[in-house]
>>> print(open('data02.csv').read())   # CSV, C-alpha atoms
chain,number,residue,atom,x,y,z
A,20,MET,CA,-7.4,14.2,-45.0
A,21,ALA,CA,-6.0,15.7,-41.8
A,22,PHE,CA,-8.5,15.2,-39.0
A,23,LEU,CA,-8.6,18.6,-37.3
A,24,GLY,CA,-4.8,18.8,-37.3
A,25,PHE,CA,-4.3,15.5,-35.5
A,26,ARG,CA,-2.9,13.2,-38.1
A,27,ARG,CA,-3.7,12.1,-41.7
A,28,PHE,CA,-6.2,9.4,-42.3
A,29,PRO,CA,-5.8,8.3,-45.9
A,30,THR,CA,-9.2,6.7,-46.1
A,31,PRO,CA,-11.0,6.8,-49.5
A,32,ILE,CA,-14.3,8.7,-49.3
A,33,ILE,CA,-15.5,9.1,-52.9
A,34,LYS,CA,-14.5,5.6,-54.0
A,35,PRO,CA,-16.8,3.6,-51.6
A,36,MET,CA,-19.5,6.3,-51.1
A,37,TRP,CA,-20.3,7.5,-54.6
A,38,PRO,CA,-23.5,5.2,-55.0
A,39,PHE,CA,-24.8,6.6,-51.8
A,40,MET,CA,-23.9,10.2,-52.8
A,41,ILE,CA,-26.1,9.7,-55.9
A,42,SER,CA,-28.9,8.0,-54.1
A,43,GLY,CA,-29.0,10.5,-51.2
A,44,PRO,CA,-30.2,13.5,-53.2
A,45,ILE,CA,-32.6,11.4,-55.2
A,46,ILE,CA,-34.3,10.1,-52.0
A,47,LEU,CA,-34.2,13.6,-50.5
A,48,TYR,CA,-36.0,15.1,-53.5
A,49,LEU,CA,-38.6,12.3,-53.4
A,50,LEU,CA,-39.2,12.8,-49.7
A,51,HIS,CA,-39.6,16.5,-50.3
A,52,LYS,CA,-42.2,15.8,-53.0
A,53,ILE,CA,-44.1,13.4,-50.7
A,54,GLU,CA,-44.0,16.0,-47.9
A,55,LYS,CA,-45.4,18.7,-50.2
A,56,ALA,CA,-48.1,16.4,-51.4
A,57,GLY,CA,-49.1,15.5,-47.9
A,58,GLN,CA,-49.3,19.2,-46.9
A,59,SER,CA,-51.8,20.0,-49.6
A,60,VAL,CA,-54.4,17.3,-48.7
A,61,PRO,CA,-57.6,19.0,-47.3
A,62,PRO,CA,-57.5,18.4,-43.5
A,63,PHE,CA,-53.8,19.3,-43.3
A,64,ASP,CA,-53.6,22.2,-45.8
A,65,THR,CA,-55.0,24.8,-43.3
A,66,ASP,CA,-53.3,23.3,-40.2
A,67,PRO,CA,-51.5,26.1,-38.3
A,68,ARG,CA,-48.4,23.8,-37.9
A,69,ASN,CA,-48.1,23.6,-41.6
A,70,PRO,CA,-46.1,26.6,-43.0
A,71,ARG,CA,-48.1,26.6,-46.2
A,72,GLY,CA,-51.4,26.5,-44.2
A,73,MET,CA,-50.3,29.5,-42.2
A,74,TYR,CA,-50.3,31.7,-45.3
A,75,ARG,CA,-53.2,29.9,-47.0
A,76,ILE,CA,-51.1,29.2,-50.1
B,25,MET,CA,-28.9,-13.9,-44.9
B,26,SER,CA,-28.5,-17.2,-43.2
B,27,SER,CA,-25.4,-16.0,-41.4
B,28,THR,CA,-27.5,-13.2,-39.9
B,29,LYS,CA,-29.1,-15.4,-37.3
B,30,SER,CA,-25.9,-16.7,-35.8
B,31,LEU,CA,-24.8,-13.1,-35.2
B,32,ILE,CA,-27.8,-11.8,-33.2
B,33,PRO,CA,-26.2,-11.9,-29.8
B,34,PRO,CA,-23.4,-9.4,-30.6
B,35,LYS,CA,-20.0,-10.7,-30.4
B,36,LEU,CA,-18.0,-8.1,-28.5
B,37,SER,CA,-14.5,-8.8,-29.4
B,38,VAL,CA,-11.6,-7.3,-31.3
B,39,SER,CA,-11.1,-8.6,-34.8
B,40,GLY,CA,-8.5,-11.3,-35.1
B,41,ILE,CA,-8.4,-12.1,-31.4
B,42,THR,CA,-11.7,-13.8,-30.8
B,43,GLY,CA,-13.0,-15.8,-27.7
B,44,GLY,CA,-11.3,-17.7,-24.9
B,45,ALA,CA,-9.5,-16.8,-21.7
B,46,ALA,CA,-6.1,-17.0,-23.5
B,47,ALA,CA,-7.3,-14.5,-26.1
B,48,PHE,CA,-8.5,-12.2,-23.3
B,49,ALA,CA,-5.1,-12.4,-21.6
B,50,GLN,CA,-3.5,-11.6,-25.0
B,51,LEU,CA,-5.8,-8.6,-25.3
B,52,CYS,CA,-4.9,-7.4,-21.8
B,53,ASP,CA,-1.2,-7.8,-22.6
B,54,LEU,CA,-1.7,-5.7,-25.7
B,55,TYR,CA,-3.3,-2.9,-23.9
B,56,SER,CA,-0.9,-3.0,-20.9
B,57,LYS,CA,2.0,-2.3,-23.4
B,58,LEU,CA,0.4,0.9,-24.6
B,59,PRO,CA,2.4,4.0,-23.8
B,60,LYS,CA,1.7,5.5,-20.4
B,61,GLY,CA,3.3,8.9,-20.4
B,62,PRO,CA,3.1,11.1,-17.3
B,63,LEU,CA,0.0,13.2,-16.8
B,64,VAL,CA,0.7,16.6,-18.3
B,65,GLU,CA,0.6,19.1,-15.4
B,66,SER,CA,0.1,22.4,-17.3
B,67,ILE,CA,-2.7,23.6,-19.6
B,68,PRO,CA,-1.4,24.1,-23.1
B,69,PRO,CA,-1.3,27.9,-23.8
B,70,THR,CA,-3.1,27.5,-27.1
B,71,MET,CA,-6.4,26.4,-25.4
B,72,PRO,CA,-9.1,28.9,-24.5
B,73,ARG,CA,-9.1,29.7,-20.8
B,74,LEU,CA,-12.5,28.1,-19.9
B,75,PHE,CA,-12.0,25.0,-22.0
B,76,GLY,CA,-8.4,24.8,-20.7
B,77,ARG,CA,-9.7,24.4,-17.2
B,78,TYR,CA,-12.3,21.8,-18.3
B,79,TRP,CA,-9.6,20.0,-20.2
B,80,TYR,CA,-7.3,19.9,-17.2
B,81,ARG,CA,-9.9,18.6,-14.9
B,82,TYR,CA,-11.7,15.9,-17.0
B,83,ILE,CA,-10.3,15.3,-20.4
B,84,ARG,CA,-6.6,15.1,-19.5
B,85,THR,CA,-7.4,12.4,-16.9
B,86,SER,CA,-9.8,10.7,-19.4
B,87,SER,CA,-12.6,10.6,-16.8
B,88,PRO,CA,-16.1,9.6,-17.7
B,89,ALA,CA,-17.6,12.8,-16.3
B,90,PRO,CA,-18.1,14.5,-19.7
B,91,LEU,CA,-20.7,11.9,-20.5
B,92,LEU,CA,-22.7,12.9,-17.5
B,93,HIS,CA,-22.3,16.6,-18.3
B,94,ILE,CA,-23.7,16.0,-21.8
B,95,ILE,CA,-26.6,14.0,-20.4
B,96,LEU,CA,-27.4,16.7,-17.8
B,97,GLY,CA,-26.9,19.6,-20.3
B,98,VAL,CA,-29.2,18.0,-23.0
B,99,GLY,CA,-31.7,17.1,-20.3
B,100,LEU,CA,-31.9,20.7,-19.0
B,101,MET,CA,-32.1,22.1,-22.5
B,102,SER,CA,-34.8,19.6,-23.4
B,103,TYR,CA,-36.8,20.4,-20.3
B,104,ALA,CA,-36.7,24.1,-21.1
B,105,ILE,CA,-37.8,23.5,-24.7
B,106,ASP,CA,-40.5,21.0,-23.7
B,107,TYR,CA,-41.8,23.4,-21.0
B,108,GLU,CA,-42.2,26.2,-23.5
B,109,LEU,CA,-43.8,24.0,-26.1
B,110,HIS,CA,-46.0,21.5,-24.2
B,111,LEU,CA,-45.8,21.4,-20.4
B,112,LYS,CA,-47.0,24.9,-19.6
B,113,HIS,CA,-50.1,24.3,-21.8
B,114,HIS,CA,-51.2,21.4,-19.6
B,115,LYS,CA,-50.3,22.1,-16.1
B,116,ASN,CA,-53.0,20.3,-14.1
B,117,ARG,CA,-55.4,20.1,-17.1
B,118,PRO,CA,-55.5,18.0,-20.2
B,119,HIS,CA,-54.0,19.4,-23.4
B,120,HIS,CA,-56.8,20.6,-25.7
C,27,MET,CA,-59.9,12.4,-8.8
C,28,LEU,CA,-59.1,14.3,-12.0
C,29,CYS,CA,-57.6,12.0,-14.5
C,30,ILE,CA,-55.0,13.6,-16.8
C,31,LEU,CA,-53.8,11.6,-19.7
C,32,ASN,CA,-51.9,13.6,-22.3
C,33,ASN,CA,-51.5,12.4,-25.8
C,34,PRO,CA,-48.5,10.1,-25.7
C,35,LEU,CA,-47.7,10.8,-29.3
C,36,GLU,CA,-47.3,14.5,-28.5
C,37,GLN,CA,-43.5,13.9,-27.9
C,38,PHE,CA,-43.0,13.2,-31.6
C,39,GLU,CA,-44.3,16.5,-32.9
C,40,ILE,CA,-41.9,18.4,-35.0
C,41,ILE,CA,-42.0,22.1,-33.9
C,42,LYS,CA,-40.2,25.0,-35.5
C,43,LEU,CA,-37.9,26.6,-33.0
C,44,LEU,CA,-36.2,29.2,-35.2
C,45,GLY,CA,-36.9,29.9,-38.8
C,46,ILE,CA,-37.1,32.3,-41.7
C,47,ASP,CA,-40.7,33.0,-42.5
C,48,ALA,CA,-40.9,33.9,-46.1
C,49,PRO,CA,-44.5,34.4,-47.2
C,50,LEU,CA,-43.4,36.0,-50.5
C,51,LEU,CA,-41.3,33.0,-51.3
C,52,PRO,CA,-43.3,30.1,-49.9
C,53,LEU,CA,-40.9,27.5,-51.4
C,54,ILE,CA,-38.0,28.8,-49.3
C,55,GLU,CA,-38.3,27.5,-45.8
C,56,LEU,CA,-35.2,27.5,-43.6
C,57,PRO,CA,-36.4,26.5,-40.2
C,58,LEU,CA,-34.5,25.0,-37.2
C,59,THR,CA,-37.0,22.4,-35.8
C,60,ASN,CA,-36.5,20.4,-32.7
C,61,LEU,CA,-35.5,17.5,-34.9
C,62,GLY,CA,-32.8,19.6,-36.5
C,63,LEU,CA,-31.6,20.7,-33.2
C,64,TYR,CA,-31.1,17.2,-31.9
C,65,LEU,CA,-29.4,16.2,-35.1
C,66,LEU,CA,-27.0,19.1,-34.6
C,67,ILE,CA,-26.4,17.9,-31.0
C,68,VAL,CA,-25.6,14.4,-32.2
C,69,LEU,CA,-23.2,15.8,-34.8
C,70,GLY,CA,-21.4,17.9,-32.2
C,71,VAL,CA,-21.2,15.0,-29.7
C,72,VAL,CA,-19.7,12.7,-32.4
C,73,ILE,CA,-17.1,15.2,-33.4
C,74,SER,CA,-16.2,16.4,-29.9
C,75,GLY,CA,-16.1,12.8,-28.7
C,76,LEU,CA,-13.5,11.9,-31.4
C,77,VAL,CA,-11.5,15.0,-30.5
C,78,ILE,CA,-11.6,14.3,-26.8
C,79,SER,CA,-10.5,10.8,-27.3
C,80,PHE,CA,-7.5,11.8,-29.4
C,81,ILE,CA,-6.2,14.6,-27.2
C,82,PRO,CA,-4.5,12.4,-24.5
C,83,ALA,CA,-3.3,10.0,-27.1
C,84,ARG,CA,-1.5,12.9,-28.8
C,85,ILE,CA,0.5,13.5,-25.7
C,86,GLY,CA,1.6,9.9,-25.5
C,87,ARG,CA,-0.9,8.6,-23.0
C,88,ASP,CA,-3.6,5.9,-23.4
C,89,ASN,CA,-7.0,6.7,-22.1
C,90,SER,CA,-10.3,5.0,-21.5
C,91,TRP,CA,-12.1,7.0,-24.2
C,92,LEU,CA,-9.8,5.8,-26.9
C,93,VAL,CA,-10.1,2.2,-25.7
C,94,THR,CA,-13.9,2.5,-25.9
C,95,LEU,CA,-13.7,3.9,-29.4
C,96,GLU,CA,-11.3,1.1,-30.4
C,97,SER,CA,-13.6,-1.6,-29.0
C,98,ILE,CA,-16.5,-0.2,-31.0
C,99,TYR,CA,-14.3,-0.1,-34.0
C,100,GLY,CA,-13.2,-3.7,-33.5
C,101,PHE,CA,-16.8,-4.8,-33.0
C,102,LEU,CA,-17.9,-3.2,-36.3
C,103,VAL,CA,-14.8,-4.5,-38.2
C,104,ASN,CA,-15.8,-7.9,-36.9
C,105,LEU,CA,-19.3,-7.4,-38.1
C,106,VAL,CA,-18.3,-6.3,-41.6
C,107,ASP,CA,-15.7,-9.1,-41.7
C,108,SER,CA,-18.4,-11.8,-41.0
C,109,GLN,CA,-20.9,-10.3,-43.4
C,110,VAL,CA,-19.0,-8.9,-46.4
C,111,ALA,CA,-15.4,-10.4,-45.9
C,112,ILE,CA,-12.4,-8.5,-47.2
C,113,ALA,CA,-14.2,-6.7,-50.0
C,114,GLY,CA,-16.3,-4.8,-47.5
C,115,HIS,CA,-13.4,-3.3,-45.6
C,116,ILE,CA,-13.5,-0.2,-47.7
C,117,TYR,CA,-17.0,0.5,-46.3
C,118,ILE,CA,-16.0,0.3,-42.7
C,119,PRO,CA,-15.8,4.1,-42.2
C,120,ALA,CA,-19.4,4.5,-43.6
C,121,ILE,CA,-20.7,1.6,-41.4
C,122,ILE,CA,-19.1,3.2,-38.3
C,123,ALA,CA,-20.6,6.6,-39.2
C,124,LEU,CA,-24.0,5.1,-39.7
C,125,PHE,CA,-23.8,3.1,-36.5
C,126,SER,CA,-22.7,6.0,-34.3
C,127,PHE,CA,-25.3,8.3,-35.8
C,128,ILE,CA,-28.2,5.9,-35.2
C,129,LEU,CA,-26.9,4.8,-31.8
C,130,LEU,CA,-26.5,8.4,-30.5
C,131,CYS,CA,-29.9,9.5,-31.9
C,132,ASN,CA,-31.5,6.5,-30.1
C,133,LEU,CA,-29.7,7.2,-26.9
C,134,PHE,CA,-30.3,11.0,-26.9
C,135,GLY,CA,-34.0,10.2,-27.3
C,136,LEU,CA,-33.9,8.4,-24.0
C,137,ILE,CA,-32.9,11.4,-22.0
C,138,PRO,CA,-36.1,12.6,-20.3
C,139,TYR,CA,-38.0,15.4,-22.1
C,140,SER,CA,-35.7,15.0,-25.1
C,141,TYR,CA,-36.7,14.3,-28.7
C,142,THR,CA,-36.2,11.0,-30.5
C,143,VAL,CA,-35.0,11.8,-34.0
C,144,THR,CA,-35.1,8.1,-35.1
C,145,ALA,CA,-38.8,7.8,-34.3
C,146,GLN,CA,-39.5,9.9,-37.4
C,147,PHE,CA,-40.4,7.7,-40.3
C,148,ALA,CA,-39.3,10.4,-42.8
C,149,LEU,CA,-35.7,10.1,-41.4
C,150,THR,CA,-35.4,6.4,-41.0
C,151,LEU,CA,-37.2,5.6,-44.3
C,152,GLY,CA,-35.0,8.2,-46.0
C,153,LEU,CA,-31.9,6.4,-44.6
C,154,SER,CA,-33.0,3.0,-45.5
C,155,PHE,CA,-34.1,3.9,-49.0
C,156,THR,CA,-30.8,5.7,-49.5
C,157,VAL,CA,-29.0,2.6,-48.4
C,158,LEU,CA,-31.0,0.3,-50.7
C,159,LEU,CA,-30.8,2.6,-53.8
C,160,GLY,CA,-27.1,3.2,-53.3
C,161,VAL,CA,-26.5,-0.6,-52.9
C,162,THR,CA,-28.6,-1.2,-56.1
C,163,ILE,CA,-26.5,1.4,-58.0
C,164,LEU,CA,-23.3,-0.2,-56.8
C,165,GLY,CA,-24.5,-3.7,-57.9
C,166,LEU,CA,-25.5,-2.4,-61.3
C,167,GLN,CA,-22.1,-0.8,-61.7
C,168,ARG,CA,-20.2,-3.9,-60.5
C,169,HIS,CA,-22.1,-6.6,-62.4
C,170,GLY,CA,-24.1,-4.8,-65.2
C,171,VAL,CA,-27.0,-6.9,-66.5
C,172,HIS,CA,-25.8,-9.9,-64.4
C,173,PHE,CA,-27.0,-7.9,-61.3
C,174,PHE,CA,-30.6,-9.1,-62.0
C,175,SER,CA,-29.5,-12.7,-61.3
C,176,ILE,CA,-30.0,-11.6,-57.6
C,177,LEU,CA,-33.7,-12.1,-58.4
C,178,VAL,CA,-33.3,-15.8,-59.3
C,179,PRO,CA,-32.0,-18.1,-56.6
C,180,ALA,CA,-29.5,-20.7,-57.7
C,181,GLY,CA,-31.0,-24.0,-58.9
C,182,THR,CA,-34.5,-22.8,-59.7
C,183,PRO,CA,-36.4,-24.9,-62.2
C,184,LEU,CA,-37.1,-23.0,-65.4
C,185,VAL,CA,-40.9,-23.2,-64.9
C,186,LEU,CA,-40.8,-21.3,-61.6
C,187,VAL,CA,-38.5,-18.5,-62.8
C,188,PRO,CA,-41.2,-15.9,-63.7
C,189,LEU,CA,-43.0,-16.5,-60.3
C,190,LEU,CA,-39.8,-16.3,-58.3
C,191,VAL,CA,-38.6,-13.2,-60.1
C,192,VAL,CA,-41.8,-11.4,-59.0
C,193,ILE,CA,-41.5,-12.7,-55.4
C,194,GLU,CA,-37.8,-11.9,-55.1
C,195,ALA,CA,-38.3,-8.4,-56.6
C,196,ILE,CA,-41.0,-7.7,-54.0
C,197,SER,CA,-38.9,-9.0,-51.2
C,198,TYR,CA,-35.9,-6.9,-52.5
C,199,LEU,CA,-38.0,-3.8,-52.4
C,200,ALA,CA,-39.6,-4.6,-49.1
C,201,ARG,CA,-36.1,-4.6,-47.5
C,202,ALA,CA,-36.0,-0.8,-47.9
C,203,ILE,CA,-39.3,-0.4,-46.1
C,204,SER,CA,-38.7,-3.0,-43.4
C,205,LEU,CA,-35.2,-1.6,-42.6
C,206,GLY,CA,-36.6,1.9,-41.8
C,207,VAL,CA,-39.9,0.8,-40.3
C,208,ARG,CA,-38.2,-1.6,-37.9
C,209,LEU,CA,-36.1,1.2,-36.3
C,210,SER,CA,-38.8,3.7,-36.1
C,211,ALA,CA,-41.5,1.4,-34.9
C,212,ASN,CA,-39.3,0.1,-32.1
C,213,MET,CA,-38.5,3.6,-31.0
C,214,ILE,CA,-42.1,4.9,-31.2
C,215,SER,CA,-43.5,1.9,-29.3
C,216,GLY,CA,-40.9,2.1,-26.6
C,217,HIS,CA,-41.3,5.8,-26.0
C,218,VAL,CA,-45.1,5.6,-26.0
C,219,LEU,CA,-45.0,2.8,-23.5
C,220,LEU,CA,-42.6,4.7,-21.2
C,221,LYS,CA,-44.8,7.8,-21.5
C,222,ILE,CA,-48.0,5.9,-20.7
C,223,ILE,CA,-46.6,3.9,-17.8
C,224,SER,CA,-44.9,7.0,-16.3
C,225,THR,CA,-48.2,9.0,-16.5
C,226,PHE,CA,-50.1,6.3,-14.8
C,227,SER,CA,-47.4,5.8,-12.2
C,228,TRP,CA,-47.5,9.5,-11.4
C,229,GLN,CA,-51.3,9.3,-11.1
C,230,PHE,CA,-50.9,6.3,-8.8
C,231,ILE,CA,-48.3,7.9,-6.5
C,232,THR,CA,-50.1,11.3,-6.2
C,233,GLY,CA,-53.5,9.8,-6.0
C,234,SER,CA,-53.8,8.5,-2.5
C,235,ILE,CA,-51.8,7.5,0.7
C,236,LEU,CA,-51.6,4.0,-0.6
C,237,GLY,CA,-49.8,5.3,-3.7
C,238,VAL,CA,-47.2,7.0,-1.6
C,239,ILE,CA,-46.5,3.8,0.4
C,240,LEU,CA,-46.5,1.5,-2.6
C,241,GLY,CA,-45.1,4.1,-5.0
C,242,PHE,CA,-41.8,2.4,-5.4
C,243,LEU,CA,-43.4,-0.5,-7.3
C,244,PRO,CA,-44.3,1.4,-10.5
C,245,VAL,CA,-41.0,3.2,-10.3
C,246,LEU,CA,-39.1,-0.1,-10.1
C,247,PHE,CA,-41.1,-1.3,-13.1
C,248,LEU,CA,-40.4,1.9,-15.0
C,249,THR,CA,-36.7,1.6,-14.2
C,250,ALA,CA,-36.7,-1.9,-15.6
C,251,LEU,CA,-38.6,-0.7,-18.7
C,252,TYR,CA,-36.0,2.1,-19.2
C,253,ALA,CA,-33.2,-0.4,-19.0
C,254,LEU,CA,-35.0,-2.5,-21.7
C,255,GLU,CA,-35.3,0.6,-23.9
C,256,LEU,CA,-31.6,1.2,-23.5
C,257,GLY,CA,-31.0,-2.3,-24.7
C,258,VAL,CA,-33.4,-1.8,-27.6
C,259,ALA,CA,-31.7,1.5,-28.6
C,260,ILE,CA,-28.3,-0.2,-28.9
C,261,LEU,CA,-29.7,-3.4,-30.5
C,262,GLN,CA,-31.7,-1.5,-33.2
C,263,ALA,CA,-28.6,0.5,-34.2
C,264,TYR,CA,-26.7,-2.8,-34.4
C,265,VAL,CA,-29.4,-4.5,-36.4
C,266,PHE,CA,-29.6,-1.6,-38.9
C,267,VAL,CA,-25.9,-1.7,-39.5
C,268,LEU,CA,-25.9,-5.5,-39.7
C,269,LEU,CA,-28.6,-5.6,-42.3
C,270,THR,CA,-26.9,-2.8,-44.3
C,271,ALA,CA,-23.7,-4.9,-44.3
C,272,SER,CA,-25.7,-7.9,-45.3
C,273,TYR,CA,-27.4,-6.1,-48.3
C,274,LEU,CA,-23.9,-4.8,-49.3
C,275,ASN,CA,-22.7,-8.4,-49.3
C,276,ASP,CA,-25.7,-9.5,-51.4
C,277,VAL,CA,-24.9,-7.1,-54.2
C,278,LEU,CA,-21.1,-7.5,-54.0
C,279,SER,CA,-21.1,-11.2,-54.3
C,280,LEU,CA,-24.5,-12.0,-55.9
C,281,HIS,CA,-25.1,-15.1,-53.7
>>> encode(input="data02.csv", output="structure tokens")
Amino acid sequence: MAFLGFRRFPTPIIKPMWPFMISGPIILYLLHKIEKAGQSVPPFDTDPRNPRGMYRI
Amino acid sequence: MSSTKSLIPPKLSVSGITGGAAAFAQLCDLYSKLPKGPLVESIPPTMPRLFGRYWYRYIRTSSPAPLLHIILGVGLMSYAIDYELHLKHHKNRPHH
Amino acid sequence: MLCILNNPLEQFEIIKLLGIDAPLLPLIELPLTNLGLYLLIVLGVVISGLVISFIPARIGRDNSWLVTLESIYGFLVNLVDSQVAIAGHIYIPAIIALFSFILLCNLFGLIPYSYTVTAQFALTLGLSFTVLLGVTILGLQRHGVHFFSILVPAGTPLVLVPLLVVIEAISYLARAISLGVRLSANMISGHVLLKIISTFSWQFITGSILGVILGFLPVLFLTALYALELGVAILQAYVFVLLTASYLNDVLSLH
């Protein structure tokens, strides 16, 4: 792909990176689950820094 | 994993030309042969005016000053953010 | 004398700077936190650094920026060469991206009043788990069922195989945790130490006339500590990339 109009760098992107492209969203989803679980534990669920706690949801 | 230990002091060298004074001379020779065109004396007309002047002063001459500008800029911005969020709450008294 | 000691962990708080508050849709949060801001700065610096380095080269002139970039490139090619050999050359762009990201996050954290992105366990553990899961997927795709021979070291007596499989599986999984925790723990400890020492130095200097006279001593110590932290920032980025390359080698060659 042309790098901002400078020159072409024919480096493969999908070929080496596809396992990490699969694992990235999986880990992101798991981290999101852990974060939500942590936000609903009693001392932190009403913390003003917690966006869920702000609205008491 | 056994080869990991031998690597811990980083070997700063270019691949293929490793170690030794002769290799260093070879490296210097390689870089001295790189093209050294004349410094361009005019700002390309495609550049925005403000960036053009910055380009002419620092980037065209490949000076290290942009690093300092980034550090100063990020430092000032961080101080402004930190002042709003933390520092003004504990001027001369502990926080909470 | 009033002693002020602020919480040294306060600097790692994630605070929302801009954001869409959507109380009706509590699942949709789109905030820009201070963490996100510094990630954006790192992204901008990486891209503009590349552009700046290539502008003079385009007009036929070598420049110190490009030489610096080339030496970092050569250093990482050397690293991948020694760890993964020729099969790993396809991963060099990814390794360089990972290295420059971690290095710049560490270094931007050392600017006073700034925010250390890599001190967040969520980010570093996310990175390390992504690396390990990706590497595992790659190994399973390359070797199929034979991938599990990574759990049995060569030349193991048959009696010990069940025990060793358990131990090796635990050590394989522990890599993901240790890779991320190593980076974060180093960053957190260094920044907490700097914060505590600088707070006490300030107390000492402003406390009495003795502090004004001898004030250069803690400042000298702080400077030395700062230099150490600079070294740690670079070394941790290097170690992260080195271990990533080493794990890649493990699954590509299966011992």
>>> residues_around(input="data02.csv", residues="region 30-34 of chain A", least_positions_apart="3", cutoff="10 Å", atoms="only C-alpha atoms", output="list in words")
Met20, Arg27, Trp37, Pro38, Phe39 and Met40 of chain A; Ile116, Tyr117, Ile118, Pro119 and Ala120 of chain C
>>> write_last_selection(input="data02.csv", atoms="C-alpha atoms", output="PDB file, keeping the file's coordinate frame")
ATOM      1  CA  MET A  20      -7.400  14.200 -45.000  1.00  0.00           C
ATOM      2  CA  ARG A  27      -3.700  12.100 -41.700  1.00  0.00           C
ATOM      3  CA  TRP A  37     -20.300   7.500 -54.600  1.00  0.00           C
ATOM      4  CA  PRO A  38     -23.500   5.200 -55.000  1.00  0.00           C
ATOM      5  CA  PHE A  39     -24.800   6.600 -51.800  1.00  0.00           C
ATOM      6  CA  MET A  40     -23.900  10.200 -52.800  1.00  0.00           C
TER       7      MET A  40
ATOM      8  CA  ILE C 116     -13.500  -0.200 -47.700  1.00  0.00           C
ATOM      9  CA  TYR C 117     -17.000   0.500 -46.300  1.00  0.00           C
ATOM     10  CA  ILE C 118     -16.000   0.300 -42.700  1.00  0.00           C
ATOM     11  CA  PRO C 119     -15.800   4.100 -42.200  1.00  0.00           C
ATOM     12  CA  ALA C 120     -19.400   4.500 -43.600  1.00  0.00           C
TER      13      ALA C 120
END
>>> closest_atom_pairs(input="data02.csv", of="chain C", to="chain A", cutoff="6 Å", atoms="all atoms listed in the file", output="tab-separated table")
residue	atom	partner	partner_atom	distance
C:Thr156	CA	A:Gly43	CA	5.4
C:Leu159	CA	A:Ser42	CA	5.7
C:Gly160	CA	A:Phe39	CA	4.4
C:Ile163	CA	A:Pro38	CA	5.7
C:Leu164	CA	A:Pro38	CA	5.7
>>> residues_around(input="data02.csv", residues="region 253-259 of chain C", least_positions_apart="2", cutoff="8 Å", atoms="all atoms listed in the file", output="CSV table (one decimal) with C-alpha atoms, in the coordinates of the input")
chain,number,residue,atom,x,y,z
C,129,LEU,CA,-26.9,4.8,-31.8
C,132,ASN,CA,-31.5,6.5,-30.1
C,133,LEU,CA,-29.7,7.2,-26.9
C,136,LEU,CA,-33.9,8.4,-24.0
C,212,ASN,CA,-39.3,0.1,-32.1
C,213,MET,CA,-38.5,3.6,-31.0
C,216,GLY,CA,-40.9,2.1,-26.6
C,249,THR,CA,-36.7,1.6,-14.2
C,250,ALA,CA,-36.7,-1.9,-15.6
C,251,LEU,CA,-38.6,-0.7,-18.7
C,261,LEU,CA,-29.7,-3.4,-30.5
C,262,GLN,CA,-31.7,-1.5,-33.2
C,263,ALA,CA,-28.6,0.5,-34.2
>>> atom_distance(input="data02.csv", atom1="CA of Leu166 (chain C)", atom2="CA of Pro29 (chain A)")
27.2 Å
>>> atom_distance(input="data02.csv", atom1="CA of Leu190 (chain C)", atom2="CA of Val161 (chain C)")
21.3 Å
>>> residues_near_point(input="data02.csv", point="(-11.8, 5.0, -28.2)", cutoff="9 Å", atoms="only C-alpha atoms", output="number ranges by chain")
C: 75-76, 79-80, 89-99
>>> residues_near_point(input="data02.csv", point="(-36.0, 24.5, -42.3)", cutoff="9 Å", atoms="all atoms listed in the file", output="PyMOL selection string")
chain C and resi 42+44-46+54-59+62
>>> write_last_selection(input="data02.csv", atoms="C-alpha atoms", output="CSV table (one decimal), in the coordinates of the input")
chain,number,residue,atom,x,y,z
C,42,LYS,CA,-40.2,25.0,-35.5
C,44,LEU,CA,-36.2,29.2,-35.2
C,45,GLY,CA,-36.9,29.9,-38.8
C,46,ILE,CA,-37.1,32.3,-41.7
C,54,ILE,CA,-38.0,28.8,-49.3
C,55,GLU,CA,-38.3,27.5,-45.8
C,56,LEU,CA,-35.2,27.5,-43.6
C,57,PRO,CA,-36.4,26.5,-40.2
C,58,LEU,CA,-34.5,25.0,-37.2
C,59,THR,CA,-37.0,22.4,-35.8
C,62,GLY,CA,-32.8,19.6,-36.5
>>> atom_distance(input="data02.csv", atom1="CA of Ala202 (chain C)", atom2="CA of Leu102 (chain C)")
21.6 Å
>>> residues_around(input="data02.csv", residues="region 77-89 of chain B", least_positions_apart="2", cutoff="7 Å", atoms="all atoms listed in the file", output="VMD selection string")
(chain B and resid 67 73 to 75 91 to 93) or (chain C and resid 78 82 89 to 91)
>>> residues_around(input="data02.csv", residues="Leu100 (chain B)", least_positions_apart="4", cutoff="10 Å", atoms="all atoms listed in the file", output="count of residues only")
10
>>> closest_residue(input="data02.csv", among="C:Ser210, C:Ser224, C:Ser272, C:Ser126", to="chain B", atoms="all atoms listed in the file")
C:Ser272
